[in-house]
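A.B. asks: This is the content of start-v4.csv (CSV, C-alpha atoms):
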chain,number,residue,atom,x,y,z
A,1,MET,CA,-12.0,-41.2,-20.8
A,2,GLY,CA,-14.8,-43.8,-20.8
A,3,GLY,CA,-13.6,-45.3,-17.6
A,4,ALA,CA,-12.2,-48.5,-19.1
A,5,PHE,CA,-9.4,-50.2,-17.1
A,6,ILE,CA,-6.1,-50.5,-18.9
A,7,ASP,CA,-4.1,-52.1,-16.2
A,8,CYS,CA,-4.2,-53.3,-12.5
A,9,ASN,CA,-1.8,-54.7,-10.0
A,10,GLN,CA,-1.9,-58.2,-8.5
A,11,LEU,CA,-3.4,-57.0,-5.2
A,12,PHE,CA,-6.3,-55.4,-7.1
A,13,ASN,CA,-6.9,-58.7,-8.8
A,14,GLU,CA,-6.7,-60.7,-5.5
A,15,LEU,CA,-9.0,-58.3,-3.6
A,16,SER,CA,-11.6,-57.8,-6.3
A,17,ASN,CA,-11.7,-61.5,-7.3
A,18,TYR,CA,-11.2,-60.5,-10.9
A,19,ASN,CA,-8.2,-61.6,-13.0
A,20,LYS,CA,-6.3,-58.9,-15.1
A,21,GLN,CA,-8.1,-59.9,-18.3
A,22,GLU,CA,-11.5,-59.5,-16.6
A,23,VAL,CA,-10.6,-56.2,-15.1
A,24,CYS,CA,-9.4,-54.8,-18.4
A,25,SER,CA,-12.8,-55.8,-20.0
A,26,LEU,CA,-14.6,-53.6,-17.3
A,27,THR,CA,-15.2,-49.9,-16.7
A,28,ILE,CA,-15.2,-48.2,-13.3
A,29,PHE,CA,-19.0,-48.2,-13.6
A,30,ASN,CA,-19.1,-52.0,-13.7
A,31,LEU,CA,-17.6,-52.0,-10.2
A,32,ILE,CA,-19.9,-49.4,-8.6
A,33,ALA,CA,-22.9,-50.3,-6.5
A,34,ARG,CA,-26.0,-50.2,-8.9
A,35,SER,CA,-27.9,-48.0,-6.5
A,36,ASP,CA,-25.0,-45.4,-6.7
A,37,LEU,CA,-24.6,-45.3,-10.5
A,38,GLN,CA,-26.3,-42.0,-11.2
A,39,HIS,CA,-24.4,-40.4,-8.3
A,40,ALA,CA,-21.2,-41.9,-9.7
A,41,PHE,CA,-21.9,-40.6,-13.3
A,42,ASP,CA,-22.6,-37.1,-11.8
A,43,LEU,CA,-19.4,-37.1,-9.8
A,44,VAL,CA,-17.1,-38.4,-12.5
A,45,SER,CA,-18.7,-36.0,-15.1
A,46,GLN,CA,-18.1,-33.1,-12.7
A,47,MET,CA,-14.5,-34.2,-12.2
A,48,ILE,CA,-13.8,-34.3,-16.0
A,49,SER,CA,-15.7,-31.1,-16.9
A,50,THR,CA,-14.2,-28.8,-14.2
A,51,PRO,CA,-11.6,-26.6,-15.8
A,52,SER,CA,-8.1,-27.3,-14.4
A,53,GLU,CA,-7.7,-23.8,-13.1
A,54,GLU,CA,-10.8,-24.2,-11.0
A,55,ALA,CA,-10.1,-27.8,-10.0
A,56,ILE,CA,-8.4,-28.9,-6.8
A,57,GLU,CA,-5.0,-30.5,-7.3
A,58,SER,CA,-6.2,-34.1,-7.7
A,59,PRO,CA,-10.0,-34.3,-7.7
A,60,SER,CA,-11.2,-37.6,-6.5
A,61,CYS,CA,-14.4,-39.3,-5.4
A,62,VAL,CA,-15.3,-42.2,-3.1
A,63,LEU,CA,-17.9,-44.7,-4.3
A,64,ARG,CA,-19.4,-47.9,-3.0
A,65,GLY,CA,-18.3,-51.0,-4.8
A,66,ASN,CA,-20.1,-53.9,-6.5
A,67,MET,CA,-17.5,-56.7,-7.0
A,68,LYS,CA,-18.2,-60.3,-7.2
A,69,ASN,CA,-18.4,-61.7,-3.7
A,70,ARG,CA,-16.8,-58.6,-2.2
A,71,PHE,CA,-19.4,-56.3,-0.7
A,72,ASP,CA,-16.9,-54.7,1.7
A,73,LEU,CA,-14.8,-52.9,-1.0
A,74,GLY,CA,-15.4,-49.5,-2.6
A,75,LEU,CA,-13.5,-47.4,-5.1
A,76,ASN,CA,-11.5,-44.2,-4.6
A,77,ILE,CA,-11.2,-42.6,-8.1
A,78,THR,CA,-8.7,-39.8,-8.7
A,79,LEU,CA,-8.5,-37.8,-11.9
A,80,ILE,CA,-5.0,-37.5,-13.4
A,81,ARG,CA,-4.3,-34.4,-15.5
A,82,ASP,CA,-1.3,-33.7,-17.7
A,83,GLU,CA,1.0,-30.7,-17.3
A,84,GLU,CA,-1.4,-28.5,-19.3
A,85,GLY,CA,-4.3,-29.5,-17.0
A,86,ILE,CA,-6.0,-31.7,-19.5
A,87,ALA,CA,-7.8,-34.8,-18.0
A,88,LYS,CA,-5.8,-37.9,-19.1
A,89,CYS,CA,-6.9,-40.9,-17.0
A,90,PHE,CA,-8.2,-42.1,-13.6
A,91,CYS,CA,-6.3,-43.8,-10.9
A,92,VAL,CA,-8.6,-46.3,-9.1
A,93,SER,CA,-7.8,-47.6,-5.6
A,94,LEU,CA,-9.8,-50.2,-3.7
A,95,ILE,CA,-11.0,-49.0,-0.3
A,96,LYS,CA,-13.1,-50.2,2.6
A,97,ASN,CA,-16.7,-49.7,1.4
A,98,PRO,CA,-18.2,-46.3,2.5
A,99,SER,CA,-21.3,-46.6,4.6
A,100,SER,CA,-23.3,-44.4,2.1
A,101,PRO,CA,-22.8,-42.8,-1.3
A,102,PHE,CA,-22.5,-39.4,0.5
A,103,ASP,CA,-19.9,-40.6,3.1
A,104,THR,CA,-17.3,-37.8,3.5
A,105,THR,CA,-14.9,-39.6,5.9
A,106,MET,CA,-11.4,-40.3,4.6
A,107,PRO,CA,-11.3,-43.6,2.7
A,108,ILE,CA,-9.5,-46.5,4.2
A,109,HIS,CA,-7.3,-48.0,1.5
A,110,ALA,CA,-7.4,-51.8,1.0
A,111,THR,CA,-4.3,-53.7,2.0
A,112,PRO,CA,-3.4,-57.4,2.0
A,113,ALA,CA,-5.2,-57.6,5.4
A,114,PHE,CA,-8.4,-57.2,3.4
A,115,LEU,CA,-7.9,-60.6,1.7
A,116,SER,CA,-10.5,-63.2,2.5
A,117,PRO,CA,-9.5,-66.0,4.8
A,118,GLY,CA,-7.4,-68.5,2.9
A,119,GLN,CA,-6.7,-66.0,0.1
A,120,THR,CA,-3.1,-64.9,-0.6
A,121,VAL,CA,-1.4,-62.5,-2.9
A,122,THR,CA,0.6,-64.4,-5.4
A,123,ALA,CA,2.6,-62.0,-6.8
A,124,ALA,CA,-4.7,-47.0,-14.9
A,125,LEU,CA,-7.4,-46.5,-16.4
A,126,THR,CA,-8.6,-44.3,-19.3
Show me, as structure tokens, the structure contained in the file I just sent.
C.D. replies:
Amino acid sequence: MGGAFIDCNQLFNELSNYNKQEVCSLTIFNLIARSDLQHAFDLVSQMISTPSEEAIESPSCVLRGNMKNRFDLGLNITLIRDEEGIAKCFCVSLIKNPSSPFDTTMPIHATPAFLSPGQTVTAALT
């Protein structure tokens, strides 16, 4: 549960401007705005350490992103637990970058409409 990517889909590659090999060499913390790292560590640590009986169904957090040439994208990170309530992995979705690290509005999930002009789509995390 160190936050290393194990897989991603083509849209994630296209939007983040990282290929699959690059993504799988990163952790979620590599894609978070530097100024928000301590806040991100605190939120993720809290998600992992909260006992499953006290946790909400699918705990998640929204964080501002830091991807090459994409300052408009953030991350929605959701903790996935097994049937015994043990934290197993994270599911990371790209979203429209929140305005601040404490933004509580619902995240707007990235779609192909978020592609840069001229960019097209050509085709989990532990």
A.B. asks: Please determine, counting all atoms listed in the file, which residue among A:Cys8, A:Cys91, A:Ala33, A:Met106 has the shortest atom-to-atom distance to Gln21 of chain A.
C.D. replies: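 Closest to Gln21 of chain A, using all atoms listed in the file: A:Cys8.
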A.B. asks: Within 12 Å of Asn19 of chain A, counting all atoms listed in the file, which residues show up once you throw out same-chain ones fewer than 3 positions away? Write them as an MDAnalysis selection string, please.
C.D. replies: chainID A and resid 7:16 22:26 68 122
A.B. asks: What gap, in Å, lies between atom CA of Ile95 of chain A and atom CA of Asp72 of chain A?
C.D. replies: 8.4 Å
A.B. asks: Go ahead and find all residues with at least one atom no further than 8 Å from (-1.3, -55.3, -0.9) in the file's coordinates, using only C-alpha atoms; report them as number ranges by chain.
C.D. replies: A: 11-12, 110-113, 121
A.B. asks: Under the rule that all atoms listed in the file are counted, which of A:Gly3, A:Gly65, A:Gly74, A:Pro107 is the nearest residue to Phe90 of chain A?
C.D. replies: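 The closest residue to Phe90 of chain A is A:Gly3.
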A.B. asks: Could you list as a PyMOL selection string every residue that has an atom within 10 Å of (-17.0, -38.7, -11.7), using the file's coordinates and counting all atoms listed in the file?
C.D. replies: chain A and resi 3+28-29+38-49+59-63+77-79+90
A.B. asks: Just checking: using all atoms listed in the file, which residue out of A:Arg81, A:Asn76, A:Arg70, A:Arg64 ends up closest to Pro98 of chain A?
C.D. replies: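 Nearest candidate to Pro98 of chain A out of A:Arg81, A:Asn76, A:Arg70, A:Arg64: A:Arg64.
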A.B. asks: Can you measure atom CA of Asp103 of chain A to atom CA of Leu73 of chain A for me? One decimal in Å is fine.
C.D. replies: 13.9 Å
A.B. asks: Quick one, how far is atom CA of Thr27 of chain A from atom CA of Glu83 of chain A?
C.D. replies: 25.1 Å
